[in-house]
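All remarks here apply to the structure that follows.
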Amino acid sequence: MSISPHVGAVFFSAGVLIEETNPSRLMERRLGLRTAPEGDEEPRLDASRWAGVPTRLLCSELGSLRPLPGVRETAAWCWDHRLLPVIATAEWAPIGAYLAELLGFHSHTGTTLEARGGLFTGRGTAPVGAAGSCAMAVRRAADLGLRPEDCAVVSADGTDAPLFDAVGCGVAFNAPPEVRCRSTTAVDDEDLRAVIPALEHMAP
């Protein structure tokens with residue numbers, strides 16, 4: 001009898017992987033696409049801001065993101081224990097794609113930002129809320145042949161509350177009280193490897 005190459009997945013929000021918060025908003029500020037002060041009421045994501053921006057400029061700025069200590073090691077632990085590490089975020093998909101490749105993750109979810117001929121077109125899928133972000137992760141689990149209860153989430157983002165309710169294990173990492181109350185367990189640490197003990201029961 002063949003053995004399945006993976007038995008589960010761990011969904012990580014982008015915010016627990018890098019030292020910066022809100023990477024999409026940060027990239028827009030650095031590229032001069034967003035000028036309103038922090039805490040403004042603008043929509044969090046707006047593809048029209050990106051019209052005409054060269055994709056290479058985003059790639060250059062993404063290189064300045066600082067991974068949290070222990071991220072690569074945590075992803076490697078997941079692989080070694082037949083758990084697929086996936087970046088599940090409502091951030092712009094190019095950010096998730098960059099982080100997945102850089103940090104050794106299996107794949108990513110995200111909000112599409114269309115590009116043609118090396119330029120962003122200003123078109124993309126509509127920003128999703130908490131329910132939409134959860135739905136993207138659940139669809140990714142299904143694509144991987146997994147049930148939601150076969151998966152875990154590691155996040156500090158309140159928009160992941162529905163995902164905490166859907167998966168088998170929810171780890172609130174350096175999270176506020178409203179996230180902790182939806183989680184299976186809470187971990188506070190400067191190194192992402194601190195979440196591994198909370199995930200060990202998922203490994204075969």
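FYI, nothing fancy with the structure tokens labels: chains A, B, ... in order, residues from 1 per chain, ligands from 1 as they appear.
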
Residues of segment 47-112 of chain A that approach segment 4-11 of chain A to 12 Å or less, counting only C-alpha atoms: could you list each one with the shortest pair of atoms and its distance in Å to one decimal, rows by chain and increasing residue number, as a tab-separated table?
```
residue	atom	partner	partner_atom	distance
A:Thr74	CA	A:Val10	CA	10.4
A:Ala75	CA	A:Val10	CA	9.2
A:Ala76	CA	A:Val10	CA	11.9
A:Trp77	CA	A:Val10	CA	11.0
A:Cys78	CA	A:Val10	CA	7.7
A:Trp79	CA	A:His6	CA	8.4
A:Asp80	CA	A:His6	CA	9.8
A:His81	CA	A:His6	CA	8.1
A:Arg82	CA	A:His6	CA	4.3
A:Leu83	CA	A:Gly8	CA	4.8
A:Leu84	CA	A:Ala9	CA	4.4
A:Pro85	CA	A:Val10	CA	5.0
A:Val86	CA	A:Phe11	CA	4.9
A:Ile87	CA	A:Phe11	CA	5.6
A:Ala88	CA	A:Phe11	CA	5.4
A:Thr89	CA	A:Phe11	CA	8.8
A:Gly96	CA	A:Phe11	CA	11.9
A:Ala100	CA	A:Phe11	CA	11.6
A:Phe105	CA	A:Phe11	CA	10.0
A:His106	CA	A:Ala9	CA	9.4
A:Ser107	CA	A:Phe11	CA	9.8
A:His108	CA	A:Phe11	CA	8.8
A:Thr109	CA	A:Phe11	CA	9.6
```

Non-local contacts of segment 20-35 of chain A (7 Å; only C-alpha atoms; under 2 positions in same chain excluded) as JSON, numbers by chain = {"A": [15, 18, 37, 49, 61, 91, 92]}

Fewer than 3 positions away in the same chain doesn't count, so skip those; otherwise give me all residues within 7 Å of Val154 of chain A, counting only C-alpha atoms, as number ranges by chain.
-> A: 11-13, 170-173

Same residues, N, CA and C atoms, output as an mmCIF file, in the first residue's frame:
```cif
data_model
loop_
_atom_site.group_PDB
_atom_site.id
_atom_site.type_symbol
_atom_site.label_atom_id
_atom_site.label_comp_id
_atom_site.auth_asym_id
_atom_site.auth_seq_id
_atom_site.Cartn_x
_atom_site.Cartn_y
_atom_site.Cartn_z
ATOM 1 N N PHE A 11 -1.314 26.297 7.533
ATOM 2 C CA PHE A 11 -1.490 27.601 6.901
ATOM 3 C C PHE A 11 -0.905 28.688 7.805
ATOM 4 N N PHE A 12 0.045 29.430 7.264
ATOM 5 C CA PHE A 12 0.686 30.526 7.990
ATOM 6 C C PHE A 12 0.246 31.850 7.380
ATOM 7 N N SER A 13 -0.168 32.790 8.207
ATOM 8 C CA SER A 13 -0.453 34.129 7.692
ATOM 9 C C SER A 13 0.870 34.833 7.407
ATOM 10 N N GLY A 170 -5.584 25.491 15.746
ATOM 11 C CA GLY A 170 -5.329 26.907 15.536
ATOM 12 C C GLY A 170 -4.322 27.428 16.538
ATOM 13 N N VAL A 171 -3.208 27.959 16.037
ATOM 14 C CA VAL A 171 -2.146 28.479 16.894
ATOM 15 C C VAL A 171 -2.101 30.000 16.752
ATOM 16 N N ALA A 172 -2.410 30.692 17.827
ATOM 17 C CA ALA A 172 -2.324 32.152 17.847
ATOM 18 C C ALA A 172 -0.893 32.528 18.223
ATOM 19 N N PHE A 173 -0.174 33.156 17.296
ATOM 20 C CA PHE A 173 1.238 33.470 17.509
ATOM 21 C C PHE A 173 1.398 34.969 17.725
#
```

DSSP on the backbone, then: every residue of segment 114-182 of chain A marked helix (DSSP H, G or I), written as a VMD selection string.
-> chain A and resid 130 to 143 148 to 150 158 to 166 177 to 180

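Among the candidate residues A:Leu57, A:Leu17, A:Leu65, A:Leu113, the one lying nearest to Leu45 of chain A is A:Leu113, with distances computed using only C-alpha atoms.
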
Which parts of segment 109-143 of chain A does DSSP call strand (DSSP E) when run on the backbone here, written out as number ranges by chain?
-> A: 113-116, 119-124

Could you write out the selected residues, including C-alpha atoms, as a PDB file, in the first residue's frame?
```pdb
ATOM      1  CA  LEU A 113      -2.867  41.378  -9.030  1.00  0.00           C
ATOM      2  CA  GLU A 114      -2.803  41.187 -12.836  1.00  0.00           C
ATOM      3  CA  ALA A 115       0.396  41.895 -14.768  1.00  0.00           C
ATOM      4  CA  ARG A 116       1.155  41.961 -18.501  1.00  0.00           C
ATOM      5  CA  LEU A 119       3.660  45.978 -15.843  1.00  0.00           C
ATOM      6  CA  PHE A 120       0.761  45.719 -13.426  1.00  0.00           C
ATOM      7  CA  THR A 121      -2.488  46.517 -15.235  1.00  0.00           C
ATOM      8  CA  GLY A 122      -4.439  47.926 -12.315  1.00  0.00           C
ATOM      9  CA  ARG A 123      -6.814  44.987 -12.382  1.00  0.00           C
ATOM     10  CA  GLY A 124      -7.153  42.152  -9.911  1.00  0.00           C
TER      11      GLY A 124
END
```

Please measure the separation of atom CA of Leu62 of chain A and atom CA of Val179 of chain A, giving the value in Å to one decimal.
->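 The value is 27.3 Å.
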
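The interatomic distance for the pair atom CA of Ala47 of chain A and atom CA of Asp160 of chain A works out to 21.9 Å.
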
Could you give me, as a PyMOL selection string, the residues within 12 Å of Cys59 of chain A, counting only C-alpha atoms and dropping anything in the same chain fewer than 4 positions from it?
-> chain A and resi 27+31+53-55+63-65+94-99+102+118-119
